[in-house]
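Right, one structure below, let's go through it.
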Amino acid sequence: MNKKQRARNWGRVLFFEDLPWTSFSIAHFDTFIKVDTFYYTTKDIQPSIWLQNIKVVHDPAGFVNEVKQQSLNLSYFPSVQEVELWRANFFANFHEAYRRIMREEIYYALHCLDNLRMSMAIAWYMKSEIQPNTFGDWAKIEGKRSELKDWQLSLLAQWHSSRDPNEILNVIKEIVPEFKKVHKYLCEKVEIEEQPQWVEEILKMVL
């Protein structure tokens with residue numbers, strides 16, 4: 001209830017980026033610093049891969065440090081459900097990009113292309129057994145904190161398009177070979193059927 005007041009104790013807040021009923025607050029200060037503050041009850045704090053690299057600043061009872069230590073024993077491996085949801089999401093954006101081009105909704109088509117790039121980044125993370133970001137979160141995909149290899153970052157940069165419909169379609173087609181390769185690998189990794197003929201049927205509706 002006092003999340004906004006607490007942030008005001010840390011400096012002059014220019015504006016808040018949150019909703020009254022959420023359990024987090026995002027304060028933007030006049031120093032150009034942004035502070036994301038999340039509020040949890042102790043029962044909500046469970047060992048997680050996301051807690052492996054946190055810096056604990058104040059923990060009088062040692063509770064958070066204990067959870068962090070437990071988190072260090074965790075590792076990530078993609079599940080069958082994650083892989084199936086990932087490829088369904090890729091297929092959906094692949095088709096939707098084409099629909100939006102045909103409807104001359106270019107901003108929407110470019111948004112779908114961006115989602116295809118995000119899908120590929122997520123696939124590469126799963127392949128390397130690294131916990132991927134939530135879909136749509138581009139944090140740490142680029143820059144010094146990126147877990148991607150140089151060739152992967154290079155491909156993401158190449159899969160860029162102007163508003164020209166033909167160029168968008170060509171870029172979408174360029175993504176397909178890498179999608180097929182990583183899709184095959186992930187299917188084998190989680191032991192699900194690749195179904196290459198089914199994949200071709202879906203992709204050829206656009207190609």
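Ligands are numbered from 1 in the order shown, chains are lettered A, B, ... in the order of the structure tokens, and residues start at 1 in each chain.
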Practice task
List the neighbours of stretch 172-185 of chain A out to 7 Å using only C-alpha atoms; skip same-chain residues closer than 4 positions along the sequence, and give me the result as a ChimeraX atom specification.
Solution key: /A:113,120,123,168,189,194,207
Problem - Selection: 10 Å around A:Ile101, only C-alpha atoms, excl. self and same-chain fewer than 5 positions, as a PyMOL selection string - result: chain A and resi 96+106-110+163-166+168-169
Include N, CA, C and O atoms and write out the residues we just selected as a PDB file, in the first residue's frame.
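Saved result, selection_9.pdb, follows:
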```pdb
ATOM      1  N   GLU A  96       0.916 -15.084 -39.048  1.00  0.00           N
ATOM      2  CA  GLU A  96       0.309 -13.772 -38.816  1.00  0.00           C
ATOM      3  C   GLU A  96       1.054 -12.667 -39.567  1.00  0.00           C
ATOM      4  O   GLU A  96       0.439 -11.710 -40.062  1.00  0.00           O
ATOM      5  N   ILE A 106       1.498  -3.031 -41.974  1.00  0.00           N
ATOM      6  CA  ILE A 106       2.941  -3.248 -41.942  1.00  0.00           C
ATOM      7  C   ILE A 106       3.523  -3.182 -40.525  1.00  0.00           C
ATOM      8  O   ILE A 106       4.429  -3.944 -40.181  1.00  0.00           O
ATOM      9  N   TYR A 107       2.997  -2.276 -39.689  1.00  0.00           N
ATOM     10  CA  TYR A 107       3.502  -2.221 -38.313  1.00  0.00           C
ATOM     11  C   TYR A 107       3.273  -3.554 -37.612  1.00  0.00           C
ATOM     12  O   TYR A 107       4.134  -4.048 -36.881  1.00  0.00           O
ATOM     13  N   TYR A 108       2.112  -4.128 -37.848  1.00  0.00           N
ATOM     14  CA  TYR A 108       1.784  -5.418 -37.241  1.00  0.00           C
ATOM     15  C   TYR A 108       2.700  -6.514 -37.796  1.00  0.00           C
ATOM     16  O   TYR A 108       3.191  -7.379 -37.053  1.00  0.00           O
ATOM     17  N   ALA A 109       2.941  -6.479 -39.096  1.00  0.00           N
ATOM     18  CA  ALA A 109       3.828  -7.467 -39.718  1.00  0.00           C
ATOM     19  C   ALA A 109       5.241  -7.384 -39.145  1.00  0.00           C
ATOM     20  O   ALA A 109       5.878  -8.412 -38.870  1.00  0.00           O
ATOM     21  N   LEU A 110       5.727  -6.167 -38.950  1.00  0.00           N
ATOM     22  CA  LEU A 110       7.056  -5.981 -38.372  1.00  0.00           C
ATOM     23  C   LEU A 110       7.095  -6.460 -36.922  1.00  0.00           C
ATOM     24  O   LEU A 110       8.112  -6.982 -36.456  1.00  0.00           O
ATOM     25  N   ARG A 163       9.985  -1.334 -44.149  1.00  0.00           N
ATOM     26  CA  ARG A 163       8.537  -1.524 -44.262  1.00  0.00           C
ATOM     27  C   ARG A 163       8.120  -2.132 -45.600  1.00  0.00           C
ATOM     28  O   ARG A 163       6.937  -2.352 -45.827  1.00  0.00           O
ATOM     29  N   ASP A 164       9.080  -2.408 -46.441  1.00  0.00           N
ATOM     30  CA  ASP A 164       8.756  -2.981 -47.745  1.00  0.00           C
ATOM     31  C   ASP A 164       8.213  -4.401 -47.570  1.00  0.00           C
ATOM     32  O   ASP A 164       8.908  -5.266 -47.007  1.00  0.00           O
ATOM     33  N   PRO A 165       7.002  -4.684 -48.026  1.00  0.00           N
ATOM     34  CA  PRO A 165       6.382  -6.004 -47.824  1.00  0.00           C
ATOM     35  C   PRO A 165       7.213  -7.161 -48.362  1.00  0.00           C
ATOM     36  O   PRO A 165       7.328  -8.204 -47.714  1.00  0.00           O
ATOM     37  N   ASN A 166       7.802  -7.000 -49.542  1.00  0.00           N
ATOM     38  CA  ASN A 166       8.608  -8.070 -50.121  1.00  0.00           C
ATOM     39  C   ASN A 166       9.856  -8.345 -49.279  1.00  0.00           C
ATOM     40  O   ASN A 166      10.266  -9.504 -49.117  1.00  0.00           O
ATOM     41  N   ILE A 168      10.114  -7.849 -46.024  1.00  0.00           N
ATOM     42  CA  ILE A 168       9.662  -8.536 -44.808  1.00  0.00           C
ATOM     43  C   ILE A 168       9.499 -10.031 -45.077  1.00  0.00           C
ATOM     44  O   ILE A 168       9.970 -10.876 -44.310  1.00  0.00           O
ATOM     45  N   LEU A 169       8.856 -10.365 -46.195  1.00  0.00           N
ATOM     46  CA  LEU A 169       8.660 -11.771 -46.553  1.00  0.00           C
ATOM     47  C   LEU A 169       9.992 -12.489 -46.764  1.00  0.00           C
ATOM     48  O   LEU A 169      10.167 -13.632 -46.341  1.00  0.00           O
TER      49      LEU A 169
END
```
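Nearest to A:Ala97 of all the residues A:Gln158, A:Ser71, A:Asn170, A:Gln52 is A:Asn170, counting only C-alpha atoms.
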Within 12 Å of A:Met126, counting only C-alpha atoms, which residues show up once you throw out same-chain ones fewer than 4 positions away? Write them as an mmCIF file with N, CA and C atoms, in the first residue's frame, please.
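What ended up in selection.cif:
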```cif
data_model
loop_
_atom_site.group_PDB
_atom_site.id
_atom_site.type_symbol
_atom_site.label_atom_id
_atom_site.label_comp_id
_atom_site.auth_asym_id
_atom_site.auth_seq_id
_atom_site.Cartn_x
_atom_site.Cartn_y
_atom_site.Cartn_z
ATOM 1 N N SER A 75 19.381 -26.156 -11.924
ATOM 2 C CA SER A 75 19.826 -26.008 -13.308
ATOM 3 C C SER A 75 18.590 -26.018 -14.210
ATOM 4 N N TYR A 76 18.757 -25.514 -15.411
ATOM 5 C CA TYR A 76 17.625 -25.406 -16.334
ATOM 6 C C TYR A 76 17.734 -26.464 -17.425
ATOM 7 N N PHE A 77 16.588 -27.069 -17.728
ATOM 8 C CA PHE A 77 16.479 -27.976 -18.872
ATOM 9 C C PHE A 77 15.083 -27.770 -19.456
ATOM 10 N N PRO A 78 14.983 -27.522 -20.767
ATOM 11 C CA PRO A 78 13.659 -27.243 -21.348
ATOM 12 C C PRO A 78 12.718 -28.427 -21.194
ATOM 13 N N SER A 79 11.449 -28.128 -20.970
ATOM 14 C CA SER A 79 10.440 -29.171 -20.844
ATOM 15 C C SER A 79 9.764 -29.409 -22.193
ATOM 16 N N VAL A 80 9.056 -30.508 -22.292
ATOM 17 C CA VAL A 80 8.283 -30.797 -23.498
ATOM 18 C C VAL A 80 7.288 -29.673 -23.760
ATOM 19 N N GLU A 82 7.408 -26.540 -22.859
ATOM 20 C CA GLU A 82 8.079 -25.315 -23.301
ATOM 21 C C GLU A 82 8.400 -25.373 -24.791
ATOM 22 N N VAL A 83 8.918 -26.504 -25.243
ATOM 23 C CA VAL A 83 9.279 -26.641 -26.654
ATOM 24 C C VAL A 83 8.036 -26.603 -27.530
ATOM 25 N N TRP A 86 6.776 -23.107 -27.642
ATOM 26 C CA TRP A 86 7.699 -22.275 -28.427
ATOM 27 C C TRP A 86 7.427 -22.423 -29.920
ATOM 28 N N SER A 119 11.630 -15.523 -30.809
ATOM 29 C CA SER A 119 11.462 -16.976 -30.747
ATOM 30 C C SER A 119 12.781 -17.703 -30.978
ATOM 31 N N MET A 120 13.560 -17.210 -31.921
ATOM 32 C CA MET A 120 14.837 -17.841 -32.206
ATOM 33 C C MET A 120 15.819 -17.659 -31.049
ATOM 34 N N ALA A 121 15.816 -16.484 -30.438
ATOM 35 C CA ALA A 121 16.689 -16.251 -29.279
ATOM 36 C C ALA A 121 16.317 -17.198 -28.137
ATOM 37 N N ILE A 122 15.020 -17.366 -27.905
ATOM 38 C CA ILE A 122 14.547 -18.286 -26.865
ATOM 39 C C ILE A 122 14.987 -19.715 -27.179
ATOM 40 N N ILE A 130 19.941 -22.681 -20.949
ATOM 41 C CA ILE A 130 19.937 -21.417 -20.219
ATOM 42 C C ILE A 130 18.489 -20.949 -20.121
ATOM 43 N N GLN A 131 18.059 -20.582 -18.937
ATOM 44 C CA GLN A 131 16.691 -20.127 -18.749
ATOM 45 C C GLN A 131 16.411 -18.917 -19.639
ATOM 46 N N PRO A 132 15.475 -19.036 -20.598
ATOM 47 C CA PRO A 132 15.178 -17.897 -21.474
ATOM 48 C C PRO A 132 14.313 -16.858 -20.779
ATOM 49 N N ASN A 133 14.341 -15.665 -21.316
ATOM 50 C CA ASN A 133 13.483 -14.595 -20.803
ATOM 51 C C ASN A 133 12.023 -14.920 -21.083
ATOM 52 N N GLU A 147 23.924 -14.005 -23.437
ATOM 53 C CA GLU A 147 24.400 -15.387 -23.405
ATOM 54 C C GLU A 147 24.527 -15.968 -24.813
ATOM 55 N N LEU A 148 24.171 -15.177 -25.828
ATOM 56 C CA LEU A 148 24.209 -15.659 -27.199
ATOM 57 C C LEU A 148 25.607 -15.571 -27.780
ATOM 58 N N VAL A 182 17.224 -25.779 -35.311
ATOM 59 C CA VAL A 182 17.097 -25.755 -33.855
ATOM 60 C C VAL A 182 15.846 -26.509 -33.393
ATOM 61 N N HIS A 183 14.811 -26.511 -34.237
ATOM 62 C CA HIS A 183 13.603 -27.265 -33.905
ATOM 63 C C HIS A 183 13.925 -28.766 -33.844
ATOM 64 N N TYR A 185 16.797 -30.106 -33.224
ATOM 65 C CA TYR A 185 17.649 -30.343 -32.052
ATOM 66 C C TYR A 185 16.824 -30.382 -30.771
ATOM 67 N N LEU A 186 15.899 -29.440 -30.608
ATOM 68 C CA LEU A 186 15.100 -29.378 -29.385
ATOM 69 C C LEU A 186 14.158 -30.572 -29.272
ATOM 70 N N CYS A 187 13.610 -31.002 -30.401
ATOM 71 C CA CYS A 187 12.735 -32.176 -30.378
ATOM 72 C C CYS A 187 13.495 -33.406 -29.887
ATOM 73 N N LYS A 189 16.138 -33.300 -28.049
ATOM 74 C CA LYS A 189 16.575 -33.021 -26.673
ATOM 75 C C LYS A 189 15.497 -33.397 -25.659
ATOM 76 N N VAL A 190 14.247 -33.059 -25.963
ATOM 77 C CA VAL A 190 13.161 -33.347 -25.008
ATOM 78 C C VAL A 190 12.382 -34.608 -25.391
#
```
Exercise for the section: Could you give me the residues within stretch 71-158 of chain A that DSSP places in alpha helix (DSSP H), as a PyMOL selection string? Expected result: chain A and resi 71+80-102+106-127+150-158
Handout entry: Contacts of A:Pro47 within 12 Å, only C-alpha atoms, excl. fewer than 5 positions in-chain, as a count of residues only
Key = 17
Problem - Distance query A:Arg8 at most 10 Å, only C-alpha atoms, self and fewer than 6 positions along chain excluded, as a list in words - result: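 Answer for this query is Leu14, Ala27 and Phe29 of chain A.
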Practice task
Can you pull out every residue within 12 Å of A:Phe16, counting only C-alpha atoms, but drop anything in the same chain fewer than 3 positions away, and send it as a list in words?
Solution key: Lys3, Lys4, Gln5, Ala7, Arg8, Arg12, Val13, Leu19, Pro20, Phe24, Ser25, Ile26, Ala27, His28, Phe29, Asp30, Lys34, Val35, Asp36 and Thr37 of chain A
Residues just named, written with C-alpha atoms as a PDB file, in the first residue's frame:
```
ATOM      1  CA  LYS A   3       5.064   1.345  -2.295  1.00  0.00           C
ATOM      2  CA  LYS A   4       5.016   4.807  -3.897  1.00  0.00           C
ATOM      3  CA  GLN A   5       5.762   6.604  -0.642  1.00  0.00           C
ATOM      4  CA  ALA A   7      10.217   5.186  -3.398  1.00  0.00           C
ATOM      5  CA  ARG A   8       9.885   8.899  -2.627  1.00  0.00           C
ATOM      6  CA  ARG A  12      12.781  12.973  -6.364  1.00  0.00           C
ATOM      7  CA  VAL A  13      10.473  10.788  -8.399  1.00  0.00           C
ATOM      8  CA  LEU A  19      -0.658   0.136 -11.449  1.00  0.00           C
ATOM      9  CA  PRO A  20      -2.113   0.646  -7.950  1.00  0.00           C
ATOM     10  CA  PHE A  24       5.571  -4.009  -7.734  1.00  0.00           C
ATOM     11  CA  SER A  25       6.480  -0.387  -8.336  1.00  0.00           C
ATOM     12  CA  ILE A  26       8.653   1.229 -11.001  1.00  0.00           C
ATOM     13  CA  ALA A  27       9.908   4.678 -10.073  1.00  0.00           C
ATOM     14  CA  HIS A  28      11.726   6.999 -12.474  1.00  0.00           C
ATOM     15  CA  PHE A  29      13.937   9.521 -10.657  1.00  0.00           C
ATOM     16  CA  ASP A  30      15.260  12.910 -11.748  1.00  0.00           C
ATOM     17  CA  LYS A  34      14.904   3.731 -12.660  1.00  0.00           C
ATOM     18  CA  VAL A  35      14.149   1.518  -9.677  1.00  0.00           C
ATOM     19  CA  ASP A  36      11.973  -1.591 -10.006  1.00  0.00           C
ATOM     20  CA  THR A  37      10.741  -2.679  -6.581  1.00  0.00           C
TER      21      THR A  37
END
```
Handout entry: Proximity to A:His111 - best of A:Ser161, A:Ser154, A:Ser146, A:Thr22, only C-alpha atoms
Key =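 With only C-alpha atoms as the atom set, the closest residue is A:Ser161.
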Problem - Residue with smallest distance to A:Trp151 - pool A:Phe15, A:Trp124, A:Trp10, A:Phe90, counting only C-alpha atoms - result: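 Once distances to A:Trp151 are computed over only C-alpha atoms, the minimum belongs to A:Trp124.
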As a compact mmCIF listing (two decimals) with N, CA, C and O atoms, in the first residue's frame, please: all residues of chain A that backbone DSSP puts in strand (DSSP E or B).
```txt
# COMPACT_ATOMS: atom_id res chain seq x y z
N VAL A 13 11.07 11.63 -7.37
CA VAL A 13 10.47 10.79 -8.40
C VAL A 13 9.81 11.67 -9.46
O VAL A 13 8.97 12.52 -9.14
N LEU A 14 10.18 11.45 -10.72
CA LEU A 14 9.55 12.19 -11.81
C LEU A 14 8.18 11.59 -12.15
O LEU A 14 7.22 12.30 -12.37
N PHE A 15 8.14 10.25 -12.21
CA PHE A 15 6.87 9.58 -12.49
C PHE A 15 6.98 8.11 -12.13
O PHE A 15 8.07 7.57 -11.98
N PHE A 16 5.81 7.48 -11.96
CA PHE A 16 5.74 6.05 -11.67
C PHE A 16 5.21 5.31 -12.89
O PHE A 16 4.36 5.83 -13.63
N PHE A 24 4.28 -4.60 -7.40
CA PHE A 24 5.57 -4.01 -7.73
C PHE A 24 5.39 -2.53 -8.04
O PHE A 24 4.28 -2.04 -8.27
N SER A 25 6.51 -1.81 -8.02
CA SER A 25 6.48 -0.39 -8.34
C SER A 25 7.72 -0.04 -9.15
O SER A 25 8.81 -0.55 -8.89
N ILE A 26 7.53 0.79 -10.17
CA ILE A 26 8.65 1.23 -11.00
C ILE A 26 8.71 2.74 -10.92
O ILE A 26 7.82 3.43 -11.40
N ALA A 27 9.76 3.24 -10.29
CA ALA A 27 9.91 4.68 -10.07
C ALA A 27 11.03 5.23 -10.95
O ALA A 27 12.12 4.67 -10.99
N HIS A 28 10.73 6.32 -11.64
CA HIS A 28 11.73 7.00 -12.47
C HIS A 28 12.14 8.30 -11.77
O HIS A 28 11.30 9.17 -11.53
N PHE A 29 13.43 8.39 -11.43
CA PHE A 29 13.94 9.52 -10.66
C PHE A 29 14.55 10.60 -11.55
O PHE A 29 14.88 10.35 -12.71
N LYS A 34 16.20 4.40 -12.78
CA LYS A 34 14.90 3.73 -12.66
C LYS A 34 15.04 2.62 -11.64
O LYS A 34 15.98 1.82 -11.69
N VAL A 35 14.11 2.55 -10.71
CA VAL A 35 14.15 1.52 -9.68
C VAL A 35 12.89 0.66 -9.76
O VAL A 35 11.77 1.16 -9.62
N ASP A 36 13.08 -0.63 -10.01
CA ASP A 36 11.97 -1.59 -10.01
C ASP A 36 11.94 -2.25 -8.64
O ASP A 36 12.91 -2.92 -8.25
N THR A 37 10.87 -2.11 -7.92
CA THR A 37 10.74 -2.68 -6.58
C THR A 37 9.62 -3.70 -6.56
O THR A 37 8.49 -3.40 -6.93
N PHE A 38 9.96 -4.93 -6.15
CA PHE A 38 8.97 -6.01 -6.07
C PHE A 38 8.76 -6.39 -4.61
O PHE A 38 9.72 -6.48 -3.84
```
